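Text of run37.pdb (PDB, C-alpha atoms, pLDDT in the B column) as supplied:
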```
ATOM      1  CA  MET A   1      -2.478 -22.220  16.033  1.00 87.00           C
ATOM      2  CA  ILE A   2      -1.046 -19.332  14.027  1.00 88.00           C
ATOM      3  CA  ILE A   3      -0.881 -21.398  10.832  1.00 88.00           C
ATOM      4  CA  LEU A   4      -4.478 -22.471  11.447  1.00 88.00           C
ATOM      5  CA  ILE A   5      -5.542 -18.811  11.793  1.00 90.00           C
ATOM      6  CA  GLY A   6      -3.735 -18.046   8.521  1.00 88.00           C
ATOM      7  CA  LEU A   7      -5.429 -20.999   6.845  1.00 86.00           C
ATOM      8  CA  LEU A   8      -8.910 -19.958   7.961  1.00 85.00           C
ATOM      9  CA  THR A   9      -8.334 -16.337   6.936  1.00 86.00           C
ATOM     10  CA  GLY A  10      -7.024 -17.447   3.544  1.00 84.00           C
ATOM     11  CA  ILE A  11     -10.191 -19.503   2.964  1.00 81.00           C
ATOM     12  CA  ILE A  12     -12.443 -16.567   3.850  1.00 80.00           C
ATOM     13  CA  SER A  13     -10.459 -13.995   1.841  1.00 79.00           C
ATOM     14  CA  ALA A  14     -10.526 -16.202  -1.249  1.00 72.00           C
ATOM     15  CA  MET A  15     -14.313 -16.226  -0.936  1.00 69.00           C
ATOM     16  CA  GLY A  16     -14.346 -12.423  -1.087  1.00 66.00           C
ATOM     17  CA  ILE A  17     -14.942 -11.535   2.545  1.00 71.00           C
ATOM     18  CA  GLY A  18     -12.515  -9.130   4.240  1.00 70.00           C
ATOM     19  CA  GLY A  19      -9.554 -11.149   5.525  1.00 82.00           C
ATOM     20  CA  GLY A  20      -7.984  -8.582   7.828  1.00 87.00           C
ATOM     21  CA  ALA A  21     -11.177  -8.060   9.805  1.00 89.00           C
ATOM     22  CA  ILE A  22     -10.943 -11.738  10.818  1.00 90.00           C
ATOM     23  CA  LEU A  23      -7.154 -12.141  10.929  1.00 93.00           C
ATOM     24  CA  ILE A  24      -6.364  -9.196  13.229  1.00 95.00           C
ATOM     25  CA  PRO A  25      -8.851 -10.025  16.043  1.00 94.00           C
ATOM     26  CA  ALA A  26      -8.037 -13.765  15.715  1.00 93.00           C
ATOM     27  CA  LEU A  27      -4.309 -13.078  16.209  1.00 95.00           C
ATOM     28  CA  ILE A  28      -5.039 -10.824  19.181  1.00 95.00           C
ATOM     29  CA  PHE A  29      -7.442 -13.218  20.932  1.00 93.00           C
ATOM     30  CA  PHE A  30      -5.980 -16.628  20.095  1.00 93.00           C
ATOM     31  CA  ALA A  31      -2.256 -15.921  19.708  1.00 93.00           C
ATOM     32  CA  GLY A  32      -1.825 -12.981  22.099  1.00 94.00           C
ATOM     33  CA  THR A  33      -0.413 -10.722  19.357  1.00 95.00           C
ATOM     34  CA  LYS A  34      -0.203  -6.968  20.021  1.00 96.00           C
ATOM     35  CA  GLN A  35      -2.493  -4.648  18.041  1.00 97.00           C
ATOM     36  CA  HIS A  36       0.249  -2.941  15.985  1.00 97.00           C
ATOM     37  CA  VAL A  37       1.988  -6.222  15.132  1.00 97.00           C
ATOM     38  CA  ALA A  38      -1.308  -7.922  14.178  1.00 97.00           C
ATOM     39  CA  GLN A  39      -1.978  -5.020  11.793  1.00 96.00           C
ATOM     40  CA  SER A  40       1.477  -5.252  10.210  1.00 97.00           C
ATOM     41  CA  VAL A  41       1.032  -9.033   9.741  1.00 96.00           C
ATOM     42  CA  ASN A  42      -2.169  -8.352   7.832  1.00 95.00           C
ATOM     43  CA  LEU A  43      -0.544  -5.649   5.687  1.00 95.00           C
ATOM     44  CA  ILE A  44       2.446  -7.815   4.741  1.00 94.00           C
ATOM     45  CA  SER A  45       0.465 -11.004   4.093  1.00 91.00           C
ATOM     46  CA  PHE A  46      -1.703  -9.062   1.626  1.00 90.00           C
ATOM     47  CA  ILE A  47       1.296  -8.200  -0.591  1.00 91.00           C
ATOM     48  CA  PRO A  48       2.211 -11.623  -2.147  1.00 88.00           C
ATOM     49  CA  VAL A  49      -1.411 -12.723  -2.584  1.00 84.00           C
ATOM     50  CA  ALA A  50      -2.369  -9.376  -4.160  1.00 87.00           C
ATOM     51  CA  ALA A  51       0.618  -9.463  -6.521  1.00 89.00           C
ATOM     52  CA  ILE A  52      -0.428 -12.888  -7.863  1.00 86.00           C
ATOM     53  CA  ALA A  53      -4.092 -11.852  -8.150  1.00 85.00           C
ATOM     54  CA  LEU A  54      -3.069  -8.682 -10.038  1.00 89.00           C
ATOM     55  CA  ILE A  55      -1.218 -10.625 -12.718  1.00 90.00           C
ATOM     56  CA  ILE A  56      -4.352 -12.705 -13.332  1.00 87.00           C
ATOM     57  CA  HIS A  57      -6.649  -9.648 -13.368  1.00 88.00           C
ATOM     58  CA  TYR A  58      -4.278  -7.807 -15.721  1.00 90.00           C
ATOM     59  CA  ARG A  59      -4.330 -10.737 -18.183  1.00 91.00           C
ATOM     60  CA  ASN A  60      -8.127 -10.843 -18.013  1.00 88.00           C
ATOM     61  CA  ASN A  61      -8.293  -7.107 -18.679  1.00 90.00           C
ATOM     62  CA  ASN A  62     -10.270  -6.447 -15.491  1.00 89.00           C
ATOM     63  CA  LEU A  63      -8.417  -3.331 -14.319  1.00 92.00           C
ATOM     64  CA  ASP A  64      -9.762   0.203 -14.469  1.00 92.00           C
ATOM     65  CA  THR A  65      -6.299   1.806 -14.678  1.00 91.00           C
ATOM     66  CA  GLU A  66      -7.573   5.315 -15.462  1.00 90.00           C
ATOM     67  CA  HIS A  67      -9.463   5.662 -12.162  1.00 93.00           C
ATOM     68  CA  ALA A  68      -6.873   3.603 -10.287  1.00 95.00           C
ATOM     69  CA  LEU A  69      -4.172   6.209 -10.899  1.00 95.00           C
ATOM     70  CA  ILE A  70      -6.063   9.004  -9.094  1.00 96.00           C
ATOM     71  CA  LEU A  71      -7.105   6.604  -6.314  1.00 96.00           C
ATOM     72  CA  ILE A  72      -3.477   5.546  -5.822  1.00 97.00           C
ATOM     73  CA  PHE A  73      -2.181   9.127  -5.650  1.00 96.00           C
ATOM     74  CA  SER A  74      -4.730  10.311  -3.100  1.00 97.00           C
ATOM     75  CA  GLY A  75      -4.536   6.932  -1.366  1.00 97.00           C
ATOM     76  CA  PHE A  76      -0.798   7.405  -0.846  1.00 97.00           C
ATOM     77  CA  VAL A  77      -1.459  10.609   1.090  1.00 98.00           C
ATOM     78  CA  GLY A  78      -4.104   8.873   3.213  1.00 98.00           C
ATOM     79  CA  ALA A  79      -1.971   5.771   3.774  1.00 97.00           C
ATOM     80  CA  TYR A  80       0.976   7.842   4.948  1.00 98.00           C
ATOM     81  CA  ILE A  81      -1.132   9.920   7.357  1.00 98.00           C
ATOM     82  CA  GLY A  82      -3.016   6.841   8.618  1.00 98.00           C
ATOM     83  CA  SER A  83       0.024   4.673   9.243  1.00 98.00           C
ATOM     84  CA  ALA A  84       2.160   7.510  10.677  1.00 97.00           C
ATOM     85  CA  PHE A  85      -0.727   8.153  13.085  1.00 97.00           C
ATOM     86  CA  ALA A  86      -1.104   4.437  13.922  1.00 97.00           C
ATOM     87  CA  VAL A  87       2.548   3.918  14.876  1.00 97.00           C
ATOM     88  CA  ARG A  88       2.412   6.931  17.213  1.00 97.00           C
ATOM     89  CA  LEU A  89      -0.734   5.782  19.040  1.00 97.00           C
ATOM     90  CA  PRO A  90      -0.484   3.615  22.162  1.00 97.00           C
ATOM     91  CA  GLY A  91      -1.664   0.026  21.563  1.00 95.00           C
ATOM     92  CA  GLU A  92      -4.754   0.270  23.820  1.00 95.00           C
ATOM     93  CA  ILE A  93      -6.054   3.374  22.044  1.00 96.00           C
ATOM     94  CA  LEU A  94      -5.409   1.951  18.570  1.00 97.00           C
ATOM     95  CA  SER A  95      -7.153  -1.237  19.667  1.00 96.00           C
ATOM     96  CA  ARG A  96     -10.253   0.726  20.739  1.00 96.00           C
ATOM     97  CA  LEU A  97     -10.375   2.680  17.481  1.00 97.00           C
ATOM     98  CA  PHE A  98      -9.974  -0.608  15.628  1.00 97.00           C
ATOM     99  CA  ALA A  99     -12.891  -2.084  17.599  1.00 97.00           C
ATOM    100  CA  VAL A 100     -15.183   0.740  16.417  1.00 96.00           C
ATOM    101  CA  PHE A 101     -14.078   0.185  12.823  1.00 95.00           C
ATOM    102  CA  LEU A 102     -14.551  -3.588  13.200  1.00 95.00           C
ATOM    103  CA  PHE A 103     -18.053  -3.101  14.609  1.00 95.00           C
ATOM    104  CA  ILE A 104     -19.067  -0.991  11.597  1.00 94.00           C
ATOM    105  CA  MET A 105     -17.547  -3.479   9.134  1.00 91.00           C
ATOM    106  CA  GLY A 106     -19.256  -6.381  10.931  1.00 92.00           C
ATOM    107  CA  GLY A 107     -22.582  -4.574  10.683  1.00 92.00           C
ATOM    108  CA  TYR A 108     -21.960  -3.978   6.993  1.00 89.00           C
ATOM    109  CA  GLU A 109     -21.259  -7.696   6.368  1.00 86.00           C
ATOM    110  CA  MET A 110     -24.402  -8.688   8.285  1.00 88.00           C
ATOM    111  CA  LEU A 111     -26.592  -6.277   6.304  1.00 87.00           C
ATOM    112  CA  TYR A 112     -24.845  -6.846   2.948  1.00 78.00           C
ATOM    113  CA  LYS A 113     -27.182  -7.448   0.044  1.00 71.00           C
ATOM    114  CA  LYS A 114     -26.038  -8.378  -3.423  1.00 62.00           C
ATOM    115  CA  LYS A 115     -26.643  -5.523  -5.879  1.00 47.00           C
TER
ATOM    116  CA  MET B   1     -15.835  12.836 -10.444  1.00 83.00           C
ATOM    117  CA  ILE B   2     -12.191  13.675  -9.706  1.00 90.00           C
ATOM    118  CA  VAL B   3     -13.112  15.153  -6.306  1.00 94.00           C
ATOM    119  CA  LYS B   4     -15.027  11.965  -5.459  1.00 94.00           C
ATOM    120  CA  LEU B   5     -12.110   9.803  -6.577  1.00 95.00           C
ATOM    121  CA  VAL B   6      -9.614  11.810  -4.524  1.00 96.00           C
ATOM    122  CA  LEU B   7     -11.842  11.564  -1.429  1.00 97.00           C
ATOM    123  CA  ILE B   8     -12.434   7.812  -1.843  1.00 97.00           C
ATOM    124  CA  GLY B   9      -8.687   7.235  -2.287  1.00 97.00           C
ATOM    125  CA  LEU B  10      -7.859   9.368   0.734  1.00 97.00           C
ATOM    126  CA  ILE B  11     -10.302   7.557   3.038  1.00 97.00           C
ATOM    127  CA  THR B  12      -9.243   4.126   1.731  1.00 96.00           C
ATOM    128  CA  GLY B  13      -5.575   4.918   2.364  1.00 97.00           C
ATOM    129  CA  LEU B  14      -6.295   6.426   5.771  1.00 97.00           C
ATOM    130  CA  CYS B  15      -8.170   3.357   7.067  1.00 96.00           C
ATOM    131  CA  ASN B  16      -5.734   0.920   5.483  1.00 95.00           C
ATOM    132  CA  GLY B  17      -2.824   2.676   7.170  1.00 97.00           C
ATOM    133  CA  LEU B  18      -4.495   3.312  10.519  1.00 97.00           C
ATOM    134  CA  PHE B  19      -6.087  -0.120  10.944  1.00 96.00           C
ATOM    135  CA  GLY B  20      -3.818  -2.206   8.717  1.00 95.00           C
ATOM    136  CA  SER B  21      -6.942  -3.536   7.025  1.00 93.00           C
ATOM    137  CA  GLY B  22     -10.298  -2.577   5.585  1.00 90.00           C
ATOM    138  CA  GLY B  23      -9.112  -0.758   2.475  1.00 91.00           C
ATOM    139  CA  GLY B  24     -11.010  -3.174   0.234  1.00 89.00           C
ATOM    140  CA  THR B  25     -14.127  -3.066   2.385  1.00 88.00           C
ATOM    141  CA  ILE B  26     -14.309   0.688   1.729  1.00 92.00           C
ATOM    142  CA  LEU B  27     -12.984   0.867  -1.819  1.00 94.00           C
ATOM    143  CA  VAL B  28     -15.005  -1.931  -3.470  1.00 91.00           C
ATOM    144  CA  PRO B  29     -18.518  -0.701  -2.476  1.00 91.00           C
ATOM    145  CA  SER B  30     -17.448   2.923  -3.108  1.00 94.00           C
ATOM    146  CA  MET B  31     -16.449   2.059  -6.665  1.00 94.00           C
ATOM    147  CA  ILE B  32     -19.640   0.066  -7.258  1.00 92.00           C
ATOM    148  CA  PHE B  33     -22.161   2.458  -5.694  1.00 92.00           C
ATOM    149  CA  ILE B  34     -20.551   5.902  -6.164  1.00 93.00           C
ATOM    150  CA  MET B  35     -18.664   5.435  -9.429  1.00 91.00           C
ATOM    151  CA  GLY B  36     -20.839   2.741 -11.005  1.00 92.00           C
ATOM    152  CA  THR B  37     -17.945   0.350 -11.676  1.00 92.00           C
ATOM    153  CA  GLU B  38     -18.906  -3.261 -12.507  1.00 91.00           C
ATOM    154  CA  GLU B  39     -18.487  -5.555  -9.511  1.00 87.00           C
ATOM    155  CA  HIS B  40     -15.714  -7.819 -10.867  1.00 86.00           C
ATOM    156  CA  LYS B  41     -13.797  -4.773 -12.165  1.00 91.00           C
ATOM    157  CA  ALA B  42     -14.141  -3.033  -8.793  1.00 92.00           C
ATOM    158  CA  HIS B  43     -12.678  -6.055  -6.971  1.00 88.00           C
ATOM    159  CA  ALA B  44      -9.716  -6.272  -9.383  1.00 90.00           C
ATOM    160  CA  THR B  45      -9.035  -2.520  -9.422  1.00 93.00           C
ATOM    161  CA  ALA B  46      -9.220  -2.356  -5.614  1.00 93.00           C
ATOM    162  CA  ILE B  47      -6.267  -4.772  -5.437  1.00 92.00           C
ATOM    163  CA  LEU B  48      -4.302  -2.601  -7.887  1.00 94.00           C
ATOM    164  CA  VAL B  49      -4.954   0.477  -5.701  1.00 96.00           C
ATOM    165  CA  ILE B  50      -4.448  -1.113  -2.282  1.00 95.00           C
ATOM    166  CA  LEU B  51      -1.206  -2.959  -3.134  1.00 95.00           C
ATOM    167  CA  PRO B  52       0.982   0.198  -3.393  1.00 96.00           C
ATOM    168  CA  LEU B  53      -0.795   1.752  -0.380  1.00 96.00           C
ATOM    169  CA  THR B  54      -0.098  -1.384   1.656  1.00 96.00           C
ATOM    170  CA  ILE B  55       3.580  -1.322   0.682  1.00 97.00           C
ATOM    171  CA  LEU B  56       3.841   2.303   1.852  1.00 97.00           C
ATOM    172  CA  SER B  57       2.042   1.561   5.147  1.00 97.00           C
ATOM    173  CA  THR B  58       4.237  -1.512   5.704  1.00 97.00           C
ATOM    174  CA  LEU B  59       7.352   0.680   5.367  1.00 97.00           C
ATOM    175  CA  VAL B  60       6.010   3.046   8.038  1.00 97.00           C
ATOM    176  CA  TYR B  61       5.275   0.109  10.400  1.00 97.00           C
ATOM    177  CA  TYR B  62       8.696  -1.346   9.583  1.00 97.00           C
ATOM    178  CA  ARG B  63      10.462   1.900  10.531  1.00 97.00           C
ATOM    179  CA  SER B  64       8.762   1.709  13.937  1.00 96.00           C
ATOM    180  CA  SER B  65       9.748  -1.982  14.350  1.00 95.00           C
ATOM    181  CA  TYR B  66       6.160  -3.227  14.539  1.00 96.00           C
ATOM    182  CA  ILE B  67       6.928  -6.240  12.370  1.00 96.00           C
ATOM    183  CA  SER B  68       7.358  -9.865  13.435  1.00 96.00           C
ATOM    184  CA  TRP B  69       8.766 -11.887  10.528  1.00 96.00           C
ATOM    185  CA  PRO B  70       8.384 -15.393  12.100  1.00 95.00           C
ATOM    186  CA  LEU B  71       4.720 -14.683  12.897  1.00 96.00           C
ATOM    187  CA  THR B  72       4.081 -13.168   9.453  1.00 95.00           C
ATOM    188  CA  LEU B  73       5.708 -16.130   7.705  1.00 95.00           C
ATOM    189  CA  LYS B  74       3.470 -18.619   9.530  1.00 94.00           C
ATOM    190  CA  VAL B  75       0.341 -16.627   8.704  1.00 93.00           C
ATOM    191  CA  VAL B  76       1.341 -16.291   5.035  1.00 92.00           C
ATOM    192  CA  SER B  77       2.072 -20.026   4.645  1.00 91.00           C
ATOM    193  CA  GLY B  78      -1.297 -20.908   6.186  1.00 91.00           C
ATOM    194  CA  GLY B  79      -2.971 -18.162   4.169  1.00 88.00           C
ATOM    195  CA  ILE B  80      -1.721 -19.393   0.795  1.00 87.00           C
ATOM    196  CA  ALA B  81      -2.989 -22.937   1.489  1.00 88.00           C
ATOM    197  CA  GLY B  82      -6.256 -21.446   2.722  1.00 87.00           C
ATOM    198  CA  SER B  83      -6.819 -19.357  -0.382  1.00 83.00           C
ATOM    199  CA  VAL B  84      -6.487 -22.461  -2.577  1.00 83.00           C
ATOM    200  CA  ILE B  85      -9.095 -24.257  -0.442  1.00 85.00           C
ATOM    201  CA  GLY B  86     -11.288 -21.137  -0.367  1.00 82.00           C
ATOM    202  CA  ALA B  87     -11.244 -20.798  -4.150  1.00 78.00           C
ATOM    203  CA  LYS B  88     -12.467 -24.419  -4.426  1.00 80.00           C
ATOM    204  CA  LEU B  89     -15.174 -23.961  -1.797  1.00 79.00           C
ATOM    205  CA  LEU B  90     -16.358 -20.751  -3.437  1.00 71.00           C
ATOM    206  CA  ASN B  91     -19.188 -22.389  -5.331  1.00 73.00           C
ATOM    207  CA  ARG B  92     -20.165 -24.859  -2.599  1.00 80.00           C
ATOM    208  CA  ILE B  93     -20.973 -22.638   0.367  1.00 78.00           C
ATOM    209  CA  PRO B  94     -23.334 -19.704  -0.248  1.00 79.00           C
ATOM    210  CA  SER B  95     -21.354 -16.539   0.536  1.00 75.00           C
ATOM    211  CA  TRP B  96     -24.303 -14.830   2.289  1.00 81.00           C
ATOM    212  CA  ILE B  97     -24.152 -17.394   5.089  1.00 83.00           C
ATOM    213  CA  LEU B  98     -20.419 -16.763   5.512  1.00 81.00           C
ATOM    214  CA  ARG B  99     -20.973 -13.003   5.535  1.00 84.00           C
ATOM    215  CA  LYS B 100     -23.529 -13.331   8.355  1.00 88.00           C
ATOM    216  CA  VAL B 101     -21.327 -15.709  10.378  1.00 87.00           C
ATOM    217  CA  PHE B 102     -18.188 -13.593  10.066  1.00 87.00           C
ATOM    218  CA  GLY B 103     -20.085 -10.316  10.410  1.00 91.00           C
ATOM    219  CA  LEU B 104     -21.306 -11.653  13.762  1.00 92.00           C
ATOM    220  CA  PHE B 105     -17.753 -12.727  14.676  1.00 92.00           C
ATOM    221  CA  MET B 106     -16.497  -9.196  13.921  1.00 93.00           C
ATOM    222  CA  ILE B 107     -19.205  -7.580  16.058  1.00 95.00           C
ATOM    223  CA  ILE B 108     -18.511  -9.928  19.002  1.00 95.00           C
ATOM    224  CA  ALA B 109     -14.736  -9.369  18.630  1.00 94.00           C
ATOM    225  CA  ALA B 110     -15.278  -5.586  18.503  1.00 96.00           C
ATOM    226  CA  VAL B 111     -17.360  -5.587  21.695  1.00 96.00           C
ATOM    227  CA  ARG B 112     -14.876  -7.914  23.394  1.00 94.00           C
ATOM    228  CA  MET B 113     -11.995  -5.551  22.525  1.00 92.00           C
ATOM    229  CA  VAL B 114     -13.627  -2.595  24.236  1.00 90.00           C
ATOM    230  CA  ILE B 115     -14.707  -4.407  27.409  1.00 84.00           C
TER
END
```
For the file at hand, write its structure as structure tokens.
Amino acid sequence: MIILIGLLTGIISAMGIGGGAILIPALIFFAGTKQHVAQSVNLISFIPVAAIALIIHYRNNNLDTEHALILIFSGFVGAYIGSAFAVRLPGEILSRLFAVFLFIMGGYEMLYKKK
Amino acid sequence: MIVKLVLIGLITGLCNGLFGSGGGTILVPSMIFIMGTEEHKAHATAILVILPLTILSTLVYYRSSYISWPLTLKVVSGGIAGSVIGAKLLNRIPSWILRKVFGLFMIIAAVRMVI
């Protein structure tokens, strides 16, 4: 079941649609995973795939490194605050906040129009 | 421009840390619509930005023991196979249909998580 969830998420992510937004609820509903753990699974599984994709993008000269540097620095501050906050929240509260975020992202996908 | 970049980075990091996902969903459209980055460059640069943020967030989750290696390993192995299949399907299934289907899934999952 878990491998199947991973497989399905991998297919969707490769097609450019947010993987975590599918993976996290799927793990919670179909594999009984806890909110925090489901989130950490998504974070970790992003790392190897992203590293491979980066090598390809770097070779194809697709990276905007100048802007990326500022985004990474401010992103670090946000990531630290966000994750430090997440690990201190009880699972049920984090899960409710996540549901709001998921609802907004779902609405965005439904209304998405190609530029 | 720098203020915008700092804010976008901060929000991207915050969501990615708090929800363990969604960094790309925020960063890619922000780069396209606010900074005017080309779409393929925005996708590639988003990976470059989110990778270090994800590593930092993972460390915070790790310190709080919210990681399950056996579960993560299963998801990653399924995910890698899935991304190969997804890359091949990319040109066969129109992505707007997928967006609608999974957008709907996210909305249903979000509602289900609150009830």
For this session: Evaluate the PyMOL selection byres ((chain B) within 6 of (chain A)) and record the selected residues as a PyMOL selection string, following the chain and residue labels used in the document.
Result: chain B and resi 5-6+9-10+13-14+17-18+20-21+41+44-45+49+53-54+57+66-67+72+74-76+78-79+82-83+85-87+90+99-100+103+106-107+110+114
For this session: Convert the output of the PyMOL selection byres ((chain B and resi 25-27) around 8) on the shown file into explicit residues, formatted as a PyMOL selection string.
Result: (chain A and resi 18+105) or (chain B and resi 8-9+12+22-24+28-31+46)
Stretch 35-40 of chain A, all listed atoms, 8 Å padding on each side: what axis-aligned box centre and edge lengths in Å to one decimal come out, as JSON?
```
{"center_x": -0.3, "center_y": -5.4, "center_z": 14.1, "size_x": 20.5, "size_y": 21.0, "size_z": 23.8}
```
Exercise. Quick one: distance from atom CA of B:Leu73 to atom CA of B:Ile55 in Å, one decimal?
Worked result: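 We find that atom CA of B:Leu73 and atom CA of B:Ile55 lie 16.5 Å from each other.
Between atom CA of B:Thr58 and atom CA of B:Ile11 the separation is 17.3 Å.
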Problem set entry | Atomic distance atom CA of B:Asn16 - atom CA of B:Pro52, expressed in Å with one decimal |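 Answer for the atom CA of B:Asn16 to atom CA of B:Pro52 separation: 11.2 Å.
Distances here use all atoms listed in the file; by that measure, the residue among B:Ile80, B:Ile34, B:Leu104, B:Cys15 closest to B:Met1 is B:Ile34.
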Some atoms are absent from stretch 57-71 of chain B, so rebuild N, CA and C atoms and return them as a short mmCIF file (atom, residue, chain, number, x, y, z; two decimals), in the coordinates of the input.
```cif
data_model
loop_
_atom_site.label_atom_id
_atom_site.label_comp_id
_atom_site.auth_asym_id
_atom_site.auth_seq_id
_atom_site.Cartn_x
_atom_site.Cartn_y
_atom_site.Cartn_z
N SER B 57 2.38 1.71 3.73
CA SER B 57 2.04 1.56 5.15
C SER B 57 2.98 0.58 5.84
N THR B 58 3.32 -0.52 5.14
CA THR B 58 4.24 -1.51 5.70
C THR B 58 5.58 -0.86 6.03
N LEU B 59 6.07 0.00 5.14
CA LEU B 59 7.35 0.68 5.37
C LEU B 59 7.30 1.53 6.63
N VAL B 60 6.15 2.21 6.84
CA VAL B 60 6.01 3.05 8.04
C VAL B 60 6.02 2.17 9.30
N TYR B 61 5.29 1.03 9.26
CA TYR B 61 5.28 0.11 10.40
C TYR B 61 6.67 -0.48 10.62
N TYR B 62 7.35 -0.76 9.52
CA TYR B 62 8.70 -1.35 9.58
C TYR B 62 9.66 -0.39 10.28
N ARG B 63 9.57 0.89 9.94
CA ARG B 63 10.46 1.90 10.53
C ARG B 63 10.26 1.99 12.04
N SER B 64 9.03 1.67 12.49
CA SER B 64 8.76 1.71 13.94
C SER B 64 8.91 0.34 14.58
N SER B 65 9.50 -0.61 13.86
CA SER B 65 9.75 -1.98 14.35
C SER B 65 8.50 -2.69 14.85
N TYR B 66 7.38 -2.53 14.14
CA TYR B 66 6.16 -3.23 14.54
C TYR B 66 5.96 -4.49 13.71
N ILE B 67 7.06 -5.08 13.25
CA ILE B 67 6.93 -6.24 12.37
C ILE B 67 7.53 -7.47 13.03
N SER B 68 6.82 -8.60 12.94
CA SER B 68 7.36 -9.86 13.44
C SER B 68 7.42 -10.82 12.26
N TRP B 69 8.63 -11.03 11.73
CA TRP B 69 8.77 -11.89 10.53
C TRP B 69 8.36 -13.34 10.77
N PRO B 70 8.78 -13.98 11.91
CA PRO B 70 8.38 -15.39 12.10
C PRO B 70 6.87 -15.55 12.13
N LEU B 71 6.18 -14.64 12.82
CA LEU B 71 4.72 -14.68 12.90
C LEU B 71 4.10 -14.48 11.51
#
```
